[in-house]
Amino acid sequence: NNLVFATNNLHKIEEVQTILKGQFTLKSLIDIGCTEDIPETADTFEGNAGLKSEYIVKHFGLDCFADDSGLEVTALNNEPGVYSARYSGSRDMEQNINLLLAKLGNHQNRAAHFRTVISLRLKGEHYLFEGVINGTITHTRMGIEGFGYDPIFIPEGHKKTFAEMSQKEKNSISHRFIAVNKLSSFLKNR
Ligand code: ITT
């Protein structure tokens with residue numbers, strides 16, 4: 001029961017493999033020999049997730065799913081959004097977080113949400129699954145677990161950032177968990 005996950009992000013693979021447990025063994029882009037950088041030129045998560053999965057169907061002829069995700073900060077007009085991975089112009093998360101904290105400054109409204117959109121391509125059909133988690137942006141980094149913007153995001157109803165939580169704890173509430181659960185149920189019910 002193999003399933004191709006069209007991503008280069010090892011953190012995503014680890015999280016999603018844990019959530020899907022024994023249901024599927026995930027194969028990454030490297031596992032299928034895809035070394036190209038898949039263009040992500042859309043301006044929505046749905047669009048970019050769809051481009052990543054479409055690329056694998058087109059060039060490798062394989063059914064697969066892709067995850068496009070990011071952080072949307074209300075006071076910054078939902079930035080960085082689809083530009084989360086390269087907010088500062090580079091993939092350096094140190095710089096990306098610095099820029100976000102600088103732009104937000106001492107703004108009172110620290111509301112934000114993480115969003116994941118999963119695009120599944122199966123037998124010529126296209127399906128989308130979404131997961132959103134609300135929370136707030138801290139003033140400084142806290143914690144070392146996880147990846148990306150985890151050190152500055154506290155999910156609603158919690159006191160710790162995602163980076164202060166164990167992988168298990170983050171994986172039981174996150175945007176990615178919500179989206180992957182929908183994908184998992186869908187695949188179980190077919
Ligand atoms: P692939 O496109 O190869 O899947 P990517 O890292 O480029 O990997 P995205 O284009 O979806 O993935 O960019 C998502 C960025 O949003 C990611 O690099 C992180 O900075 C951030 N992000 C996504 N999910 C996150 C999470 O659970 N925790 C913290 N940051 C996250």
# chains A, B, ... in the order shown; residues from 1 in each chain; ligands from 1
>>> residues_around(residues="Gln17 of chain A", least_positions_apart="4", cutoff="10 Å", atoms="only C-alpha atoms", output="MDAnalysis selection string")
chainID A and resid 5 11:13 21:27 180
>>> residues_around(residues="Arg121 of chain A", least_positions_apart="6", cutoff="9 Å", atoms="only C-alpha atoms", output="list in words")
Gly50, Ser53, Glu54, Val57, Leu62, Asp63, Cys64, Phe65, Ala66 and Tyr127 of chain A
>>> residues_around(residues="Gln108 of chain A", least_positions_apart="3", cutoff="12 Å", atoms="only C-alpha atoms", output="count of residues only")
10
>>> closest_residue(among="A:Lys188, A:Leu183, A:Asn78, A:Ile38", to="Leu120 of chain A", atoms="only C-alpha atoms")
A:Leu183
>>> closest_atom_pairs(of="chain A", to="ligand 1", cutoff="6 Å", atoms="only C-alpha atoms and all ligand atoms", output="Markdown table")
| residue | atom | partner | partner_atom_place_in_ligand_line | distance |
| --- | --- | --- | --- | --- |
| A:Thr7 | CA | ligand 1 | 3 (O) | 3.6 |
| A:Asn8 | CA | ligand 1 | 3 (O) | 3.7 |
| A:Asn9 | CA | ligand 1 | 8 (O) | 4.4 |
| A:Asp67 | CA | ligand 1 | 4 (O) | 5.6 |
| A:Asp68 | CA | ligand 1 | 11 (O) | 3.6 |
| A:Ser69 | CA | ligand 1 | 11 (O) | 4.0 |
| A:Gly70 | CA | ligand 1 | 16 (O) | 3.7 |
| A:Ser84 | CA | ligand 1 | 16 (O) | 4.5 |
| A:Ala85 | CA | ligand 1 | 18 (O) | 3.7 |
| A:Phe147 | CA | ligand 1 | 29 (C) | 5.0 |
| A:Gly148 | CA | ligand 1 | 30 (N) | 3.5 |
| A:Tyr149 | CA | ligand 1 | 29 (C) | 4.1 |
| A:Asp150 | CA | ligand 1 | 29 (C) | 4.3 |
>>> select_by_dssp(residues="segment 5-39 of chain A", states="alpha helix (DSSP H)", output="list in words")
Leu10, His11, Lys12, Ile13, Glu14, Glu15, Val16, Gln17, Thr18, Ile19 and Leu20 of chain A
>>> atom_distance(atom1="atom CA of Met142 of chain A", atom2="atom CA of Arg115 of chain A")
20.7 Å
>>> residues_around(residues="Pro155 of chain A", least_positions_apart="2", cutoff="7 Å", atoms="only C-alpha atoms", output="list in words")
Ile133, Asn134, Gly135, Thr136, Phe153, Gly157, His158 and Thr161 of chain A
>>> residues_around(residues="Gly89 of chain A", least_positions_apart="6", cutoff="12 Å", atoms="only C-alpha atoms", output="PyMOL selection string")
chain A and resi 80+83+95-97+99
>>> atom_distance(atom1="atom CA of Arg190 of chain A", atom2="atom CA of Leu20 of chain A")
16.0 Å
>>> residues_around(residues="Lys182 of chain A", least_positions_apart="6", cutoff="12 Å", atoms="only C-alpha atoms", output="ChimeraX atom specification")
/A:19-20,116-120,127-131,175-176,188-189
>>> select_by_dssp(residues="segment 70-164 of chain A", states="strand (DSSP E or B)", output="number ranges by chain")
A: 70-73, 79-80, 111-122, 125-137, 153-155
>>> atom_distance(atom1="atom CA of Ala102 of chain A", atom2="atom CA of Asp43 of chain A")
23.7 Å
>>> closest_residue(among="A:Gly81, A:Gly143, A:Gly61, A:Gly33", to="Asn48 of chain A", atoms="only C-alpha atoms")
A:Gly81
>>> closest_residue(among="A:Thr18, A:Leu122, A:Phe45, A:Ser174", to="Leu3 of chain A", atoms="only C-alpha atoms")
A:Leu122
